[in-house]
Amino acid sequence: MTRIRERLAELHPHTRELMRPTDFAPVADIAPDPEVSAAYARLDARCRIGTQYEWLARFCRQRGLSDVEIGFERERYGAGGLLLDLTVPGVSEGGGYRVHRLPPGHGDDDVDTVFGSYVFPLFDVTKQQMAREVDDRRWRPLMLETWFCHRPVRGRPCSRCHPCLNVISAGLGWRIPRDRRVLGAMHRLTIGSLKSVARPLVQRLRSS
């Protein structure tokens, strides 16, 4: 975050006065919340989602936060897939721009517990559209500072976790260094192929 702020101020000096100070909150300081944790576990069993959504939900609840903007795209995988058929378009509070949000009474209590504090300003935008916007506005130096990898290797994207694979499949492989992309491709062709065969076998053994 510090690098992004510094780079943004370097490229666009006027943003120094637009950005408020970053509020850092150690994850270890967020109090437990059994209701949130149970709802997250049920959602994760339905559709694998990142562990960050559990502690983010606890953080928002404990801080009393609402209308927190989060960058989900309209996708059928991961957390976006849980929200795809539930959100409705609306307008942000104060900003006057288009966002999606979960309407009252949408019927999924677990989704509401974990994701009810958010609005989704990017829900009508694909990764490919964002990439075109980035290049049109010459924002690529800033994008190279953003973070998405779940298992970084020496401070660089691993190219093997789900966020890395999603970035590559969306045509944004330039966000991952070339040598890491090559290693990731080799991993998918070897160990990854074995895992895809072994996983259903293990699941059948567990259920038998």
# chains A, B, ... in the order shown; residues from 1 in each chain; ligands from 1
$ residues_around --residues "Glu54 (chain A)" --least-positions-apart "3" --cutoff "8 Å" --atoms "only C-alpha atoms" --output "compact mmCIF listing (two decimals) with C-alpha atoms, in the first residue's frame"
# COMPACT_ATOMS: atom_id res chain seq x y z
CA VAL A 36 -19.25 -14.87 11.13
CA SER A 37 -16.84 -17.81 11.26
CA TYR A 40 -17.91 -18.29 6.31
CA THR A 51 -9.80 -16.85 3.98
CA ALA A 57 -16.33 -9.61 7.78
CA ARG A 58 -15.35 -9.66 11.46
CA VAL A 114 -20.03 -12.37 5.34
$ residues_around --residues "region 3-8 of chain A" --least-positions-apart "2" --cutoff "8 Å" --atoms "only C-alpha atoms" --output "VMD selection string"
chain A and resid 1 10 to 13 15 142 145 to 146
$ write_last_selection --atoms "N, CA and C atoms" --output "PDB file, in the first residue's frame"
ATOM      1  N   MET A   1       0.826  -1.197   0.000  1.00  0.00           N
ATOM      2  CA  MET A   1       0.000   0.000   0.000  1.00  0.00           C
ATOM      3  C   MET A   1       0.869   1.259   0.000  1.00  0.00           C
ATOM      4  N   GLU A  10       3.780  10.166  -7.164  1.00  0.00           N
ATOM      5  CA  GLU A  10       4.844  10.506  -8.110  1.00  0.00           C
ATOM      6  C   GLU A  10       4.285  10.777  -9.503  1.00  0.00           C
ATOM      7  N   LEU A  11       3.344   9.928  -9.936  1.00  0.00           N
ATOM      8  CA  LEU A  11       2.772  10.071 -11.279  1.00  0.00           C
ATOM      9  C   LEU A  11       1.695  11.147 -11.336  1.00  0.00           C
ATOM     10  N   HIS A  12       0.963  11.308 -10.237  1.00  0.00           N
ATOM     11  CA  HIS A  12      -0.161  12.261 -10.191  1.00  0.00           C
ATOM     12  C   HIS A  12      -0.078  13.032  -8.869  1.00  0.00           C
ATOM     13  N   PRO A  13       0.745  14.066  -8.786  1.00  0.00           N
ATOM     14  CA  PRO A  13       1.004  14.759  -7.513  1.00  0.00           C
ATOM     15  C   PRO A  13      -0.242  15.266  -6.799  1.00  0.00           C
ATOM     16  N   THR A  15      -2.864  13.841  -6.171  1.00  0.00           N
ATOM     17  CA  THR A  15      -3.531  12.830  -5.350  1.00  0.00           C
ATOM     18  C   THR A  15      -3.050  12.840  -3.907  1.00  0.00           C
ATOM     19  N   LEU A 142       1.196   1.505 -12.027  1.00  0.00           N
ATOM     20  CA  LEU A 142       0.494   1.353 -10.751  1.00  0.00           C
ATOM     21  C   LEU A 142      -0.015  -0.073 -10.568  1.00  0.00           C
ATOM     22  N   GLU A 145       2.213  -2.623  -9.067  1.00  0.00           N
ATOM     23  CA  GLU A 145       2.431  -2.537  -7.623  1.00  0.00           C
ATOM     24  C   GLU A 145       1.316  -3.210  -6.824  1.00  0.00           C
ATOM     25  N   THR A 146       0.212  -3.566  -7.486  1.00  0.00           N
ATOM     26  CA  THR A 146      -0.914  -4.159  -6.760  1.00  0.00           C
ATOM     27  C   THR A 146      -0.621  -5.611  -6.424  1.00  0.00           C
TER      28      THR A 146
END
$ residues_around --residues "Leu82 (chain A)" --least-positions-apart "2" --cutoff "9 Å" --atoms "only C-alpha atoms" --output "number ranges by chain"
A: 43, 46-47, 76-80, 84-86, 111
$ residues_around --residues "Ala31 (chain A)" --least-positions-apart "5" --cutoff "10 Å" --atoms "only C-alpha atoms" --output "PyMOL selection string"
chain A and resi 55+58-59+62
$ atom_distance --atom1 "CA of Val125 (chain A)" --atom2 "CA of Ala41 (chain A)"
28.0 Å
$ residues_around --residues "Ser92 (chain A)" --least-positions-apart "5" --cutoff "9 Å" --atoms "only C-alpha atoms" --output "ChimeraX atom specification"
/A:67,97-100,119,121
$ write_last_selection --atoms "N, CA and C atoms" --output "PDB file, in the first residue's frame"
ATOM      1  N   ASP A  67     -21.357  -0.165   3.500  1.00  0.00           N
ATOM      2  CA  ASP A  67     -21.052   0.412   2.184  1.00  0.00           C
ATOM      3  C   ASP A  67     -19.542   0.482   1.923  1.00  0.00           C
ATOM      4  N   TYR A  97     -22.190   7.369  -7.935  1.00  0.00           N
ATOM      5  CA  TYR A  97     -21.835   6.512  -9.065  1.00  0.00           C
ATOM      6  C   TYR A  97     -22.453   5.130  -8.861  1.00  0.00           C
ATOM      7  N   ARG A  98     -22.476   4.368  -9.928  1.00  0.00           N
ATOM      8  CA  ARG A  98     -23.175   3.091  -9.939  1.00  0.00           C
ATOM      9  C   ARG A  98     -22.420   2.040  -9.118  1.00  0.00           C
ATOM     10  N   VAL A  99     -23.142   1.332  -8.278  1.00  0.00           N
ATOM     11  CA  VAL A  99     -22.602   0.196  -7.537  1.00  0.00           C
ATOM     12  C   VAL A  99     -23.663  -0.903  -7.520  1.00  0.00           C
ATOM     13  N   HIS A 100     -23.237  -2.108  -7.207  1.00  0.00           N
ATOM     14  CA  HIS A 100     -24.174  -3.184  -6.894  1.00  0.00           C
ATOM     15  C   HIS A 100     -24.152  -3.398  -5.389  1.00  0.00           C
ATOM     16  N   VAL A 119     -20.405  -2.808  -0.809  1.00  0.00           N
ATOM     17  CA  VAL A 119     -21.005  -2.511  -2.111  1.00  0.00           C
ATOM     18  C   VAL A 119     -19.950  -2.854  -3.157  1.00  0.00           C
ATOM     19  N   PRO A 121     -18.607  -1.749  -6.709  1.00  0.00           N
ATOM     20  CA  PRO A 121     -18.591  -0.789  -7.819  1.00  0.00           C
ATOM     21  C   PRO A 121     -18.068  -1.361  -9.132  1.00  0.00           C
TER      22      PRO A 121
END
$ residues_around --residues "Pro163 (chain A)" --least-positions-apart "5" --cutoff "10 Å" --atoms "only C-alpha atoms" --output "compact mmCIF listing (two decimals) with C-alpha atoms, in the first residue's frame"
# COMPACT_ATOMS: atom_id res chain seq x y z
CA GLY A 50 -10.42 -16.78 0.24
CA GLY A 78 -14.98 -17.74 -6.09
CA TRP A 147 -1.08 -7.46 -4.92
CA PHE A 148 -3.21 -10.54 -5.58
CA CYS A 149 -1.09 -13.65 -4.95
CA HIS A 150 -1.96 -15.90 -1.99
CA ARG A 151 1.47 -17.60 -1.82
CA PRO A 157 3.58 -13.79 -7.47
CA CYS A 158 3.78 -17.60 -7.33
CA ILE A 168 -3.34 -15.42 -16.34
CA SER A 169 -6.58 -16.84 -17.76
$ select_by_dssp --residues "region 9-168 of chain A" --states "strand (DSSP E)" --output "list of chain:residue names"
A:Val68, A:Glu69, A:Val88, A:Pro89, A:Gly90, A:Val91, A:Arg98, A:Val99, A:His100, A:Arg101, A:Tyr118, A:Val119, A:Phe120
$ closest_residue --among "A:Arg74, A:Arg132, A:Arg137, A:Arg61" --to "Tyr118 (chain A)" --atoms "only C-alpha atoms"
A:Arg61
$ atom_distance --atom1 "CA of Cys164 (chain A)" --atom2 "CA of Pro89 (chain A)"
28.6 Å
$ select_by_dssp --residues "region 64-203 of chain A" --states "alpha helix (DSSP H)" --output "NGL selection string"
:A and (78-83 or 109-115 or 127-136 or 140-143 or 162-169 or 178-189 or 191-203)
$ closest_residue --among "A:Arg154, A:Arg48, A:Lys127, A:Arg140" --to "Gly81 (chain A)" --atoms "only C-alpha atoms"
A:Arg48
$ atom_distance --atom1 "CA of Gly105 (chain A)" --atom2 "CA of Val68 (chain A)"
19.4 Å
$ closest_residue --among "A:Val182, A:Gly116, A:Gln128, A:Val134" --to "Gly64 (chain A)" --atoms "only C-alpha atoms"
A:Gly116
